[in-house]
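**Q** What follows is a single structure, and I will ask about it in a moment.
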Amino acid sequence: MSQFPSFAELALILVKPREVIRKIISANPRKHFVWIALMLGFLGCLDMSALGDLGSKYSISSILIASLVLAFPYGYAILSLFSVTVFWVSKLFKGRANYFETRAAISWAFAPRVLNIVFWGVNIALVGVAAFHLEDPITILGPTYYTYQLTTFLMALLVIWTWVSSLQTLSEVNGYSAWISLAVVVLSTFAIMGFWVLISMLFTILHT
């Protein structure tokens with residue numbers, strides 16, 4: 001058995017999320033979680049590096065090495081935090097999934113995002129460390145500009161698509177509608193944001 005989801009599995013979860021998650025839950029809801037967390041964590045570190053404009057301060061090698069080192073703890077923490085929040089919020093809507101089934105529904109729905117690593121590779125090849133700048137690194141029209149814009153658009157599209165897939169997988173494991181899944185995801189996101197705002201406020205108060 002492969003250690004990471006195959007390309008066929010990643011593609012199928014995008015078009016048949018309910019069918020795929022049903023098979024995974026029946027077989028083993030913990031299947032491939034470590035590897036999904038590792039790859040999504042690496043991708044998340046790349047995204048955060050760009051949002052933090054780290055390309056203006058560090059080299060490509062520094063950013064990539066740090067992303068590899070932090071990939072698993074970051075991916076594991078983010079997926080676990082979101083999964084446990086969704087799990088408890090789902091209980092308000094009589095969701096029937098346990099924690100591991102909820103985590104599987106989320107992690108597998110998000111798993112196809114690892115394909116964005118390929119697009120990251122293309123962008124780095126095109127503009128180098130400028131791919132990790134917050135501002136658009138290319139302003140002159142031409143083949144490089146259009147290729148960079150295309151890959152960036154495809155990355156965003158894949159992220160949106162996986163969010164939609166997560167609504168379907170959560171619906172399947174919990175036995176409620178996709179609209180309820182949307183409400184659960186939104187409430188969970190606000191709950192996590194509220195938690196971080198509270199922590200930030202407490203930190204500020206304690207250090208003033």
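The way I read the labels, and the way they are meant: chains A, B, ... in the order of the structure tokens, residue 1 as the first residue of every chain, and ligand 1 as the first ligand shown, with later ones counted on from there.
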May I have the residues within 6 Å of stretch 69-83 of chain A as an mmCIF file with C-alpha atoms, in the first residue's frame, using only C-alpha atoms and disregarding those fewer than 5 positions away in the same chain?

**A**
data_model
loop_
_atom_site.group_PDB
_atom_site.id
_atom_site.type_symbol
_atom_site.label_atom_id
_atom_site.label_comp_id
_atom_site.auth_asym_id
_atom_site.auth_seq_id
_atom_site.Cartn_x
_atom_site.Cartn_y
_atom_site.Cartn_z
ATOM 1 C CA ALA A 37 -0.569 16.603 7.315
ATOM 2 C CA LEU A 38 3.080 16.680 6.226
ATOM 3 C CA LEU A 40 -0.363 20.248 3.535
ATOM 4 C CA GLY A 41 1.882 21.622 6.276
ATOM 5 C CA PHE A 42 4.693 22.186 3.764
ATOM 6 C CA ARG A 103 -10.621 14.723 10.722
#

**Q** Report as a PyMOL selection string all protein, DNA and RNA residues lying within 12 Å of stretch 112-114 of chain A, evaluated on only C-alpha atoms, omitting residues in the same chain fewer than 4 positions from it.

**A** chain A and resi 4-15+17+35-44+46-47+75+106-108+118-121+154-163+165-166

**Q** Excluding stretch 48-50 of chain A and its own-chain neighbours fewer than 3 positions away, which residues fall within 7 Å of it when counting only C-alpha atoms? Please give them as a PDB file with N, CA and C atoms, in the first residue's frame.

**A**
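The file below, around.pdb, is the result:
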ATOM      1  N   GLY A  44       1.320  24.888   3.395  1.00  0.00           N
ATOM      2  CA  GLY A  44       0.895  25.999   4.241  1.00  0.00           C
ATOM      3  C   GLY A  44       2.052  26.910   4.615  1.00  0.00           C
ATOM      4  N   CYS A  45       3.213  26.317   4.865  1.00  0.00           N
ATOM      5  CA  CYS A  45       4.398  27.117   5.191  1.00  0.00           C
ATOM      6  C   CYS A  45       4.811  27.982   4.001  1.00  0.00           C
ATOM      7  N   ASP A  53       5.721  38.041   3.353  1.00  0.00           N
ATOM      8  CA  ASP A  53       6.714  38.768   2.548  1.00  0.00           C
ATOM      9  C   ASP A  53       8.136  38.339   2.912  1.00  0.00           C
ATOM     10  N   LEU A  54       8.322  37.054   3.205  1.00  0.00           N
ATOM     11  CA  LEU A  54       9.629  36.572   3.641  1.00  0.00           C
ATOM     12  C   LEU A  54      10.666  36.575   2.520  1.00  0.00           C
ATOM     13  N   GLY A  55      10.166  36.628   1.274  1.00  0.00           N
ATOM     14  CA  GLY A  55      11.095  36.667   0.144  1.00  0.00           C
ATOM     15  C   GLY A  55      11.954  37.910   0.122  1.00  0.00           C
ATOM     16  N   ALA A 131       8.769  35.012  -5.640  1.00  0.00           N
ATOM     17  CA  ALA A 131       7.509  34.281  -5.469  1.00  0.00           C
ATOM     18  C   ALA A 131       7.014  34.375  -4.034  1.00  0.00           C
ATOM     19  N   PHE A 132       7.928  34.710  -3.114  1.00  0.00           N
ATOM     20  CA  PHE A 132       7.566  34.832  -1.706  1.00  0.00           C
ATOM     21  C   PHE A 132       7.431  36.294  -1.286  1.00  0.00           C
ATOM     22  N   HIS A 133       7.245  37.185  -2.252  1.00  0.00           N
ATOM     23  CA  HIS A 133       6.949  38.573  -1.955  1.00  0.00           C
ATOM     24  C   HIS A 133       5.446  38.754  -1.860  1.00  0.00           C
ATOM     25  N   LEU A 134       5.012  39.651  -1.012  1.00  0.00           N
ATOM     26  CA  LEU A 134       3.586  39.896  -0.844  1.00  0.00           C
ATOM     27  C   LEU A 134       3.002  40.571  -2.074  1.00  0.00           C
TER      28      LEU A 134
END

**Q** With only C-alpha atoms as the basis for distance, which of A:Val129, A:Leu202, A:Leu167, A:Val173 is at the shortest distance from A:Thr102?

**A**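 Checking each of A:Val129, A:Leu202, A:Leu167, A:Val173 against A:Thr102, counting only C-alpha atoms, the winner is A:Val173.
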
**Q** Just the number, please: distance in Å from atom CA of A:Ser188 to atom CA of A:Lys91, one decimal.

**A** 11.8 Å

**Q** Quick check, in Å to one decimal: how far apart do atom CA of A:Thr147 and atom CA of A:Gly128 lie?

**A**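 According to the coordinates, atom CA of A:Thr147 and atom CA of A:Gly128 are separated by 14.0 Å.
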